[in-house]
Amino acid sequence: MKRVVLILLITALTQQCFSQKHEFTLGKSDFLLDGKPFQIIGGEMHPARIPKEYWRHRIQMAKAMGCNTIAAYIFWNYHEQQEGKFDFKTENRNIAEFIKICQQEGMWVLLRPGPYVCAEWDFGGLPPYLLKYPDIKVRCMDPRYMTAALRYIDELAKQVVDLQCVNGGPILMVQIENEYGSYGNDKNYLEALRTAWLKNGIKVPFYTADGPTAYMLEAGHIKGTAIGLDSGGSDADFAQASKSDPDVPAFSSETYPGWLTHWGEKWQRPDTVDLKREVEYLLKNKRSINFYVIHGGTNFGFTAGANAFSPTQYQPDITSYDYDAPINERGQATAKYFTLRNLISKYVDYKIPEVPKEIAAIEIPAIDMKYMTTIWNLLPQPILSVQPKPMEDFGQNQGLMLYRTKLIGHKSGKLKIWEPHDYALVFLDGKFIDTVYRDGGNWTVDLPKTEAADPVLDILVEGMGHINFAQFMIDRKGITDRVTLNGMTLMNWLVYPLPMDAAFVTKAATQDRGLREGPGIFYKGYFNLPEVGDTYFDLSKYSKGMIYVNGHNLGRYWNIGPQQRLYCPAGWLKKGNNEIIVFDMLQTESNPILAFKTLD
């Protein structure tokens with residue numbers, strides 16, 4: 001009983017301390033909290049990637065590793081999915097609540113609002129509705145982009161302005177843009193963003209974050225803001241920062257305990273030798289640090305982004321954002337976690353709390369899956385388009401789009417899609433012919449001869465995530481230009497938008513179950529649970545598609561791996577009967593699905 005009272009007293013005192021107003025300023029080489037040097041030990045996590053009911057647990061886990069600060073990206077396109085309509089309340093979107101939980105747990109906050117954030121998130125956080133403008137330029141002073149970005153800043157500021165440390169909240173600093181020196185050099189743009197935040201009442205210091213190279217810092221930093229280094233782990237890195245701006249402190253704004261993984265790669269699980277060396281250097285020299293990420297979470301639904309470093313390259317990110325982080329996808333402490341916890345404990349002057357209790361996980365026996373219907377039974381009214389247009393032109397940013405035309409003139413030969421973004425299935429008179437994948441630039445299919453007088457060509461295209469980094473970010477989905485057959489441009493298309501969101505799939509469950517030969521099939525199953533818990537659904541016996549549990553889109557799966565199991569939090573399950581729907585683009589037979597406690 002005494003221990004409980006003591007814990008409550010400590011918690012009350014901590015919250016009272018944090019609810020007081022504080023001054024956070026930039027010294028020449030140190031961060032200053034109420035005039036005294038303060039070392040940030042940050043752990044990055046993203047509220048959009050974490051089920052809301054686990055926010056507090058993940059924050060507590062970061063604190064128990066030795067962190068005193070939470071860094072958080074805010075994803076603009078998660079809060080403005082439709083132009084001009086903002087949502088800071090539903091699902092995992094209540095940013096103010098997340099920040100308040102940080103404060104309740106005695107943690108400071110670094111706010112990373114973008115507008116662009118990268119983060120292996122779809123379009124780097126920018127809203128894909130911008131892509132409806134054929135000549136749009138992003139991350140610069142293009143008036144259409146800036147109108148939207150300033151509107152976002154106005155709306156987000158309303159959520160966070162009262163949560164700055166100068167107002168009694170936990171926010172110490174706000175980042176301007178992100179790694180801008182890796183993309184552009186428009187200082188007018190960066191200054192316009194700073195001015196917008198100031199006009200909206202942001203009084204805490206700002207920082208920028210860039211790689212520790214001269215050209216990145218010159219292009220991406222603006223005077224008077226702290227310098228974040230992605231990452232900073234040596235005297236040379238900090239010397240480079242000092243050359244860029246000698247009057248402000250620098251810190252390692254992204255120290256990487258793990259790394260991202262693309263489809264078709266092996267799991268990225270870097271060795272900890274270099275990590276330990278970098279962290280020890282930072283701690284020993286009293287440098288501030290932010291672990292990117294301490295906990296990654298999940299790219300639920302269609303939120304995963306992609307990389308591309310040439311016009312024909314395309315590297316989509318897997319659904320899991322486990323990132324080989326110290327706290328794994330479902331919130332467990334890893335060996336890396338305890339290594340860092342022990343290391344941090346040697347250098348900080350505050351007591352690190354005990355590690356929170358692990359959240360329960362369950363296994364689910366084989367779920368019998370049955371044919372439900374096909375995508376071909378769910379086609380909406382088509383839209384006539386003289387030539388194919390990308391999804392964004394039709395107000396759709398993700399999912400599938402079907403393009404259909406009759407072949408006139410050439411009716412067989414070399415069919416080429418210019419360009420398939422990102423994965424396409426080609427059908428002739430309802431018969432599946434071949435697939436076309438964007439990566440590598442091989443976009444040609446051999447179209448066989450047919451006896452039909454007017455053969456019907458169908459191209460079913462899946463968008464797999466907008467590119468989120470570097471120069472090829474203008475990345476529309478669907479067919480982005482034209483289709484040719486033996487060099488002839490094919491005209492007069494019927495376009496069928498298929499968003500594959502939860503509402504669309506729920507409607508699919510009630511449709512005609514008539515059979516059609518070929519891929520594009522929905523499978524459905526039910527399972528009964530005596531208790532709920534976190535779990536991973538195993539899709540290793542399926543090919544490529546999406547999975548929905550009780551109306552929640554868990555994300556994409558693909559048998560090229562490495563990910564075969566998709567995370568489902570306990571809050572999306574229920575005692576008693578549960579429903580699972582799988583849409584597979586390629587597979588024409590059902591298989592049972594099991595669920596496990598681990599990612600692999």
# chains A, B, ... in the order shown; residues from 1 in each chain; ligands from 1
>>> select_by_dssp(residues="segment 311-474 of chain A", states="strand (DSSP E or B)", output="PyMOL selection string")
chain A and resi 315-317+320+327+333+361+364-367+370-374+383-385+400-406+413-421+423-428+431-437+444-447+456-462+467
>>> residues_around(residues="segment 355-370 of chain A", least_positions_apart="4", cutoff="6 Å", atoms="only C-alpha atoms", output="ChimeraX atom specification")
/A:64,523-525,533-535,590,592-597
>>> closest_residue(among="A:Tyr152, A:Phe309, A:Tyr371, A:Phe123", to="Trp197 of chain A", atoms="only C-alpha atoms")
A:Tyr152
>>> residues_around(residues="Gly409 of chain A", least_positions_apart="6", cutoff="10 Å", atoms="only C-alpha atoms", output="short mmCIF file (atom, residue, chain, number, x, y, z; two decimals) with N, CA and C atoms, in the first residue's frame")
data_model
loop_
_atom_site.label_atom_id
_atom_site.label_comp_id
_atom_site.auth_asym_id
_atom_site.auth_seq_id
_atom_site.Cartn_x
_atom_site.Cartn_y
_atom_site.Cartn_z
N ASP A 454 -13.75 -8.08 -81.74
CA ASP A 454 -13.42 -6.87 -80.98
C ASP A 454 -12.92 -7.29 -79.59
N LEU A 485 0.06 -0.67 -78.37
CA LEU A 485 0.12 -2.04 -78.90
C LEU A 485 0.84 -1.98 -80.24
N MET A 488 1.12 1.50 -81.51
CA MET A 488 -0.13 2.25 -81.70
C MET A 488 -0.70 2.62 -80.33
N LEU A 490 -3.49 3.23 -77.79
CA LEU A 490 -4.86 2.75 -77.64
C LEU A 490 -5.73 3.83 -77.00
#
>>> atom_distance(atom1="atom CA of Lys346 of chain A", atom2="atom CA of Gly228 of chain A")
24.2 Å
>>> closest_residue(among="A:Ile294, A:Ala509, A:Ile352, A:Val549", to="Asp324 of chain A", atoms="only C-alpha atoms")
A:Ile294
>>> closest_residue(among="A:Asp162, A:Glu280, A:Glu120, A:Asp422", to="Asn299 of chain A", atoms="only C-alpha atoms")
A:Glu120
>>> select_by_dssp(residues="segment 103-219 of chain A", states="helix (DSSP H, G or I)", output="NGL selection string")
:A and (103-104 or 122-125 or 128-132 or 143-163 or 165-167 or 180-182 or 187-199 or 214-219)
>>> write_last_selection(atoms="C-alpha atoms", output="PDB file, in the first residue's frame")
ATOM      1  CA  GLN A 103       3.297  14.926 -20.407  1.00  0.00           C
ATOM      2  CA  GLN A 104       1.400  12.728 -17.950  1.00  0.00           C
ATOM      3  CA  ASP A 122       2.899   7.364 -48.257  1.00  0.00           C
ATOM      4  CA  PHE A 123       4.066  10.476 -50.191  1.00  0.00           C
ATOM      5  CA  GLY A 124       6.180  11.497 -47.204  1.00  0.00           C
ATOM      6  CA  GLY A 125       3.041  12.768 -45.481  1.00  0.00           C
ATOM      7  CA  PRO A 128      -2.020  12.906 -52.752  1.00  0.00           C
ATOM      8  CA  TYR A 129      -4.864  15.207 -53.763  1.00  0.00           C
ATOM      9  CA  LEU A 130      -2.090  17.656 -54.724  1.00  0.00           C
ATOM     10  CA  LEU A 131      -1.264  15.321 -57.608  1.00  0.00           C
ATOM     11  CA  LYS A 132      -4.505  16.181 -59.405  1.00  0.00           C
ATOM     12  CA  PRO A 143       1.204  28.737 -54.721  1.00  0.00           C
ATOM     13  CA  ARG A 144      -1.082  25.688 -54.921  1.00  0.00           C
ATOM     14  CA  TYR A 145       1.216  23.662 -52.684  1.00  0.00           C
ATOM     15  CA  MET A 146       1.746  26.559 -50.272  1.00  0.00           C
ATOM     16  CA  THR A 147      -1.967  27.283 -49.996  1.00  0.00           C
ATOM     17  CA  ALA A 148      -2.537  23.693 -48.892  1.00  0.00           C
ATOM     18  CA  ALA A 149       0.546  23.569 -46.625  1.00  0.00           C
ATOM     19  CA  LEU A 150      -0.342  26.813 -44.842  1.00  0.00           C
ATOM     20  CA  ARG A 151      -3.905  25.587 -44.339  1.00  0.00           C
ATOM     21  CA  TYR A 152      -2.474  22.444 -42.707  1.00  0.00           C
ATOM     22  CA  ILE A 153      -0.185  24.490 -40.443  1.00  0.00           C
ATOM     23  CA  ASP A 154      -3.128  26.670 -39.394  1.00  0.00           C
ATOM     24  CA  GLU A 155      -5.185  23.608 -38.451  1.00  0.00           C
ATOM     25  CA  LEU A 156      -2.420  21.681 -36.699  1.00  0.00           C
ATOM     26  CA  ALA A 157      -1.321  24.741 -34.736  1.00  0.00           C
ATOM     27  CA  LYS A 158      -4.771  24.873 -33.131  1.00  0.00           C
ATOM     28  CA  GLN A 159      -4.127  21.387 -31.739  1.00  0.00           C
ATOM     29  CA  VAL A 160      -0.639  22.023 -30.336  1.00  0.00           C
ATOM     30  CA  VAL A 161      -0.110  25.699 -29.546  1.00  0.00           C
ATOM     31  CA  ASP A 162      -1.335  25.360 -25.945  1.00  0.00           C
ATOM     32  CA  LEU A 163       0.936  22.341 -25.424  1.00  0.00           C
ATOM     33  CA  CYS A 165       6.432  24.239 -22.680  1.00  0.00           C
ATOM     34  CA  VAL A 166       6.055  28.043 -22.450  1.00  0.00           C
ATOM     35  CA  ASN A 167       2.326  27.421 -21.962  1.00  0.00           C
ATOM     36  CA  TYR A 180      15.240  19.437 -47.029  1.00  0.00           C
ATOM     37  CA  GLY A 181      18.896  19.541 -48.073  1.00  0.00           C
ATOM     38  CA  SER A 182      18.402  16.098 -49.629  1.00  0.00           C
ATOM     39  CA  LYS A 187      15.290  29.025 -48.433  1.00  0.00           C
ATOM     40  CA  ASN A 188      12.264  31.233 -49.124  1.00  0.00           C
ATOM     41  CA  TYR A 189      10.105  28.151 -48.644  1.00  0.00           C
ATOM     42  CA  LEU A 190      11.722  27.231 -45.322  1.00  0.00           C
ATOM     43  CA  GLU A 191      11.403  30.802 -44.070  1.00  0.00           C
ATOM     44  CA  ALA A 192       7.741  30.878 -45.128  1.00  0.00           C
ATOM     45  CA  LEU A 193       7.092  27.790 -43.017  1.00  0.00           C
ATOM     46  CA  ARG A 194       8.834  29.334 -40.004  1.00  0.00           C
ATOM     47  CA  THR A 195       6.821  32.533 -40.451  1.00  0.00           C
ATOM     48  CA  ALA A 196       3.574  30.522 -40.609  1.00  0.00           C
ATOM     49  CA  TRP A 197       4.331  28.739 -37.346  1.00  0.00           C
ATOM     50  CA  LEU A 198       5.239  32.030 -35.660  1.00  0.00           C
ATOM     51  CA  LYS A 199       1.998  33.626 -36.844  1.00  0.00           C
ATOM     52  CA  ALA A 214      28.164  20.514 -46.156  1.00  0.00           C
ATOM     53  CA  TYR A 215      25.749  20.749 -49.094  1.00  0.00           C
ATOM     54  CA  MET A 216      22.793  19.260 -47.216  1.00  0.00           C
ATOM     55  CA  LEU A 217      23.263  21.604 -44.278  1.00  0.00           C
ATOM     56  CA  GLU A 218      23.744  24.631 -46.517  1.00  0.00           C
ATOM     57  CA  ALA A 219      20.547  23.885 -48.460  1.00  0.00           C
TER      58      ALA A 219
END
>>> closest_residue(among="A:Tyr73, A:Trp55, A:Tyr536, A:Phe24", to="Leu566 of chain A", atoms="only C-alpha atoms")
A:Tyr536
>>> atom_distance(atom1="atom CA of Thr339 of chain A", atom2="atom CA of Met65 of chain A")
9.2 Å
>>> residues_around(residues="segment 34-37 of chain A", least_positions_apart="2", cutoff="8 Å", atoms="only C-alpha atoms", output="ChimeraX atom specification")
/A:22-25,30-32,39
>>> residues_around(residues="Gln387 of chain A", least_positions_apart="6", cutoff="10 Å", atoms="only C-alpha atoms", output="list in words")
Tyr403, Thr405, Ile479, Thr480, Asp481, Arg482, Val483, Thr489, Leu490, Met491, Asn492, Trp493, Leu494 and Val495 of chain A
>>> write_last_selection(atoms="C-alpha atoms", output="compact mmCIF listing (two decimals), in the first residue's frame")
# COMPACT_ATOMS: atom_id res chain seq x y z
CA TYR A 403 -8.77 0.27 -67.34
CA THR A 405 -10.79 -0.80 -73.96
CA ILE A 479 -1.60 4.20 -65.65
CA THR A 480 0.18 7.53 -65.72
CA ASP A 481 0.46 8.20 -69.47
CA ARG A 482 -0.72 5.81 -72.21
CA VAL A 483 -0.87 2.22 -73.45
CA THR A 489 -1.64 4.34 -78.88
CA LEU A 490 -4.86 2.75 -77.64
CA MET A 491 -7.78 5.14 -77.20
CA ASN A 492 -11.23 5.31 -75.62
CA TRP A 493 -11.02 3.66 -72.23
CA LEU A 494 -13.58 2.83 -69.57
CA VAL A 495 -12.10 3.47 -66.13
>>> residues_around(residues="Glu462 of chain A", least_positions_apart="3", cutoff="12 Å", atoms="only C-alpha atoms", output="ChimeraX atom specification")
/A:302,390-391,396-403,420-426,435-438,459,465-466,476-479,497-500,520,544-546,556,584-585
>>> residues_around(residues="Arg277 of chain A", least_positions_apart="2", cutoff="12 Å", atoms="only C-alpha atoms", output="ChimeraX atom specification")
/A:232-234,255-257,271-275,279-284,339-340,343
